[in-house]
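Take a look at the structure set out below.
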Amino acid sequence: MLDTLRFITTPELIEVQLRPAGLLPRLLAWGIDMVIRGGFFLAAAVTLSILGGFGTGIMLLLYFFLEWFYPVLFEVLMQGATPGKRALGLAVVSDDGTPVGWGKSMTRNLLRTADFLPMLYGFGIVSVLIHKEFRRIGDIVAGTLVIHRDAHSPLPALAEATPLASPTPLDRETQRALVAFAERARSLTPARREELAGLVPHLARAETGPQGAARLLALANYLIGRRI
Amino acid sequence: MKQELFEQQYSADWRDFNLWLKRSRLSRKQQLKTPLPFPEEEFPRRYRQLCQHLALARDRDYSHSLVEYLHDLVQRGHDALYGARDDFRSNVWQYAIGGFARDVRRMRWWVLASALLLFGPQLAIMLAIHIQPDLAYLIMSPSQVANFEQMYSVDAESLGRVAREASTDFSMFGFYIFNNVSIAFRCFAGGLTAGLLTIFALVQNGLSFGVVEMRLIQAGLGDNFHSFVIGHSGFELGAIILSGAAGLRLGFTVLAPGQRARGPALREVARSMISMVCGLAVMLVIAALIEAFWSPLRLGLPIKLSVGSLLIAMPLLYFTLAGRNDGS
């Protein structure tokens with residue numbers, strides 16, 4: 001209920017989860033983009049000022065393109081992320097989870113004007129704060145979503161231990177918890193592992209065999225199908 | 001099947017899939033260097049198989065990180081499969097030779113309303129100033145009016161320029177693009193304030209045009225002024241009217257979304273108009289080219305007027321005739 005996940009069912013009938021990004025990361029990404037744009041423009045302005053009137057013309061054109069098309073180009077050509085968004089691990093996607101095309105990206109970026117009202121993105125910020133998927137007005141109208149795009153992690157291997165069958169049958173919840181514990185075991189200190197194992201004495205303690213966390217690991221190893 | 005066996009059986013496939021996705025993100029040159037893990041035509045089949053694996057992993061309570069891993073692959077596969085771009089260049093061409101005109105014709109009543117909001121106040125203020133010249137100062141300060149009179153005066157080197165800025169054609173081109181296209185985009189986006197900003201922009205622009213035109217006519221500079229504006233006015237005013245029409249349409253959808261929620265209604269309306277907004281931005285670029293390089297030239301009034309009329313006729317003919325062959 002409190003989750004901000006958006007579930008999407010693809011044509012293959014598989015459910016994909018998108019994690020919409022909130023105000024703070026988006027503000028930071030915007031700030032980074034502002035710095036990049038500003039820096040680029042300043043550098044160009046200094047070089048172009050040598051050219052006089054012609055340079056002024058180019059500068060105005062450049063300013064125009066940076067203002068309106070900088071986000072569009074990056075969103076369409078670079079997997080939905082401007083450099084700022086990329087730095088924060090964000091990306092713009094359609095609300096059905098597909099990458100944004102020219103039309104949607106243009107819409108959301110032209111309507112930035114409406115978000116900017118009455119000043120300093122006032123409407124945009126209010127809209128992001130009250131929308132359950134953190135969309136600004138441009139996002140609502142264009143049908144887009146800014147999501148967290150996680151770094152791709154390789155498949156972690158479960159900590160090895162001599163597998164041990166549980167003497168009593170375990171329900172699904174317990175099985176899931178055991179395997180999740182074994183997967184995270186590497187990132188926990190031994191003391192914390194024992195502390196967690198202490199919460200389930202009926203699983204971690206027995207008359208024979210390994211005790212505590214080691215016993216939980218052994219059970220998990222058996223559950224995922226390892227045998228002696 | 002237990003998780004361990006499942007992973008053993010399929011992890012090679014997953015790795016290949018991952019490699020394929022990584023390769024598709026590389027530049028074309030680097031793509032040639034890295035070998036394809038499997039032929040392109042196998043991708044959809046492998047993607048569907050991966051979806052099945054994810055469904056199985058979820059159903060069989062395999063570990064959280066395995067599910068996450070497969071979910072990540074499925075998501076990226078989904079992006080790769082459904083993110084395939086259509087032919088952008090041919091779409092633009094199709095839109096330019098007819099689609100744009102069709103869109104504008106479909107919106108004819110909105111265009112009319114927008115034109116009335118622009119020209120109505122203009123004519124009204126012109127009439128008012130004709131009767132009582134001081135009314136001009138309601139809209140503009142005396143110094144602004146004087147400034148305009150200087151821009152079109154007999155001894156100005158090129159028309160429509162403020163002399164002390166000593167600006168060149170090209171810098172004016174940059175200025176026109178930056179200024180006019182931004183105004184048009186704001187006029188469109190302002191529609192989201194229930195059309196208020198759009199109406200304000202249209203009326204305000206109409207009033208300023210009216211004041212400038214009437215004051216210059218009264219100062220005896222009407223010929224100079226008209227020979228300057230006639231060239232680009234067709235494209236420029238046309239585009240402003242279209243952006244106004246798009247803004248009004250958006251504003252009306254905010255007020256009366258019909259039998260749908262506001263969000264989806266706005267989405268559909270905006271989607272149907274975004275290509276039109278891009279089209280009118282191109283019109284403004286054409287207008288800026290004319291305004292910067294042709295309009296300031298000091299040529300005989302008959303030449304300027306006849307070329308100008310041709311340039312006004314071009315967008316009008318385009319919008320009435322283009323794209324008639326398939327529907328609308």
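In the structure tokens, chains take the letters A, B, ... in the order shown, each chain's residues start at 1, and ligands count up from 1 in the order shown.
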message: At a cut-off of 8 Å, which residues of chain B touch chain A? Count only C-alpha atoms and give the answer as a VMD selection string.
response: chain B and resid 2 to 5 48 51 to 52 54 to 55 61 to 66 69 71 to 72 74 to 75 78 to 79 82 to 83 85 167 to 168 170 to 175 177 to 178 182 185 to 186 189 to 190 192 to 193 263 to 264 266 to 267 270 to 271 274 to 275
For stretch 245-247 of chain B: contacts at 7 Å, only C-alpha atoms, fewer than 4 positions along chain excluded, given as number ranges by chain: B: 110-111, 114, 187-191, 195, 198, 241, 251, 273
query: Where in stretch 5-101 of chain A does DSSP assign strand (DSSP E or B), given as a ChimeraX atom specification?
result: /A:6-9,15-18,20,90-94,99
The selected residues should be written to file as a PDB file, in the first residue's frame (atoms: N, CA and C atoms).
ATOM      1  N   ARG A   6       5.223   0.870  -9.648  1.00  0.00           N
ATOM      2  CA  ARG A   6       4.192   0.803 -10.668  1.00  0.00           C
ATOM      3  C   ARG A   6       4.349  -0.531 -11.385  1.00  0.00           C
ATOM      4  N   PHE A   7       3.264  -1.300 -11.418  1.00  0.00           N
ATOM      5  CA  PHE A   7       3.330  -2.620 -12.040  1.00  0.00           C
ATOM      6  C   PHE A   7       2.799  -2.540 -13.458  1.00  0.00           C
ATOM      7  N   ILE A   8       3.531  -3.151 -14.344  1.00  0.00           N
ATOM      8  CA  ILE A   8       3.143  -3.121 -15.748  1.00  0.00           C
ATOM      9  C   ILE A   8       3.104  -4.534 -16.271  1.00  0.00           C
ATOM     10  N   THR A   9       2.033  -4.899 -16.930  1.00  0.00           N
ATOM     11  CA  THR A   9       1.983  -6.224 -17.536  1.00  0.00           C
ATOM     12  C   THR A   9       2.312  -6.084 -19.011  1.00  0.00           C
ATOM     13  N   GLU A  15       4.852  -9.540 -15.313  1.00  0.00           N
ATOM     14  CA  GLU A  15       4.717  -8.270 -14.617  1.00  0.00           C
ATOM     15  C   GLU A  15       6.090  -7.636 -14.423  1.00  0.00           C
ATOM     16  N   VAL A  16       6.218  -6.382 -14.840  1.00  0.00           N
ATOM     17  CA  VAL A  16       7.478  -5.653 -14.667  1.00  0.00           C
ATOM     18  C   VAL A  16       7.219  -4.538 -13.680  1.00  0.00           C
ATOM     19  N   GLN A  17       8.168  -4.282 -12.786  1.00  0.00           N
ATOM     20  CA  GLN A  17       7.970  -3.206 -11.815  1.00  0.00           C
ATOM     21  C   GLN A  17       8.827  -2.002 -12.169  1.00  0.00           C
ATOM     22  N   LEU A  18       8.218  -0.824 -12.130  1.00  0.00           N
ATOM     23  CA  LEU A  18       8.974   0.418 -12.316  1.00  0.00           C
ATOM     24  C   LEU A  18       8.990   1.143 -10.984  1.00  0.00           C
ATOM     25  N   PRO A  20       9.139   4.728  -9.626  1.00  0.00           N
ATOM     26  CA  PRO A  20       9.144   6.155  -9.911  1.00  0.00           C
ATOM     27  C   PRO A  20      10.065   6.907  -8.957  1.00  0.00           C
ATOM     28  N   LEU A  90      18.612   7.878 -12.921  1.00  0.00           N
ATOM     29  CA  LEU A  90      17.207   8.037 -13.295  1.00  0.00           C
ATOM     30  C   LEU A  90      17.060   7.878 -14.807  1.00  0.00           C
ATOM     31  N   ALA A  91      15.827   7.628 -15.244  1.00  0.00           N
ATOM     32  CA  ALA A  91      15.560   7.593 -16.675  1.00  0.00           C
ATOM     33  C   ALA A  91      14.102   7.934 -16.907  1.00  0.00           C
ATOM     34  N   VAL A  92      13.822   8.481 -18.083  1.00  0.00           N
ATOM     35  CA  VAL A  92      12.441   8.790 -18.455  1.00  0.00           C
ATOM     36  C   VAL A  92      11.909   7.648 -19.313  1.00  0.00           C
ATOM     37  N   VAL A  93      10.746   7.118 -18.954  1.00  0.00           N
ATOM     38  CA  VAL A  93      10.114   6.083 -19.777  1.00  0.00           C
ATOM     39  C   VAL A  93       8.638   6.436 -19.951  1.00  0.00           C
ATOM     40  N   SER A  94       7.998   5.811 -20.940  1.00  0.00           N
ATOM     41  CA  SER A  94       6.547   5.963 -21.078  1.00  0.00           C
ATOM     42  C   SER A  94       5.880   5.257 -19.910  1.00  0.00           C
ATOM     43  N   PRO A  99      10.561   2.736 -23.819  1.00  0.00           N
ATOM     44  CA  PRO A  99      11.380   3.955 -23.899  1.00  0.00           C
ATOM     45  C   PRO A  99      10.608   5.091 -24.571  1.00  0.00           C
TER      46      PRO A  99
END
- line: note - atom CA of B:Ala219 and atom CA of B:Tyr152 are separated by 10.1 Å
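Using only C-alpha atoms, the residues found no farther than 6 Å from B:Gly308, other than those of its own chain fewer than 4 positions away, are Ile230, Gly231 and Lys304 of chain B.
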Writing out the chosen residues with all heavy atoms as a tab-separated table (two decimals), in the first residue's frame:
chain	number	residue	atom	x	y	z
B	230	ILE	N	5.75	42.68	-44.36
B	230	ILE	CA	4.89	41.86	-45.21
B	230	ILE	C	5.54	40.52	-45.58
B	230	ILE	O	4.87	39.49	-45.68
B	230	ILE	CB	4.46	42.63	-46.48
B	230	ILE	CG1	3.36	41.84	-47.19
B	230	ILE	CG2	5.64	42.90	-47.39
B	230	ILE	CD1	2.62	42.63	-48.21
B	231	GLY	N	6.88	40.52	-45.72
B	231	GLY	CA	7.55	39.29	-46.11
B	231	GLY	C	7.35	38.16	-45.14
B	231	GLY	O	6.98	37.04	-45.50
B	304	LYS	N	8.85	44.70	-52.86
B	304	LYS	CA	8.66	44.12	-51.53
B	304	LYS	C	7.22	43.64	-51.36
B	304	LYS	O	6.97	42.58	-50.81
B	304	LYS	CB	9.00	45.15	-50.43
B	304	LYS	CG	10.45	45.55	-50.36
B	304	LYS	CD	11.35	44.55	-49.68
B	304	LYS	CE	11.18	44.41	-48.21
B	304	LYS	NZ	12.27	44.88	-47.40
query: Quick one: residues within 10 Å of stretch 199-214 of chain A, only C-alpha atoms counted, chain neighbours fewer than 4 positions away excluded, as a VMD selection string?
result: chain A and resid 161 to 162 164 166 to 168 170 174 178 181 to 182 185 190 to 195 218 to 220
- request: Just give me the gap between atom CA of A:Arg26 and atom CA of A:Pro71 in Å, one decimal is fine.
  value: 13.2 Å
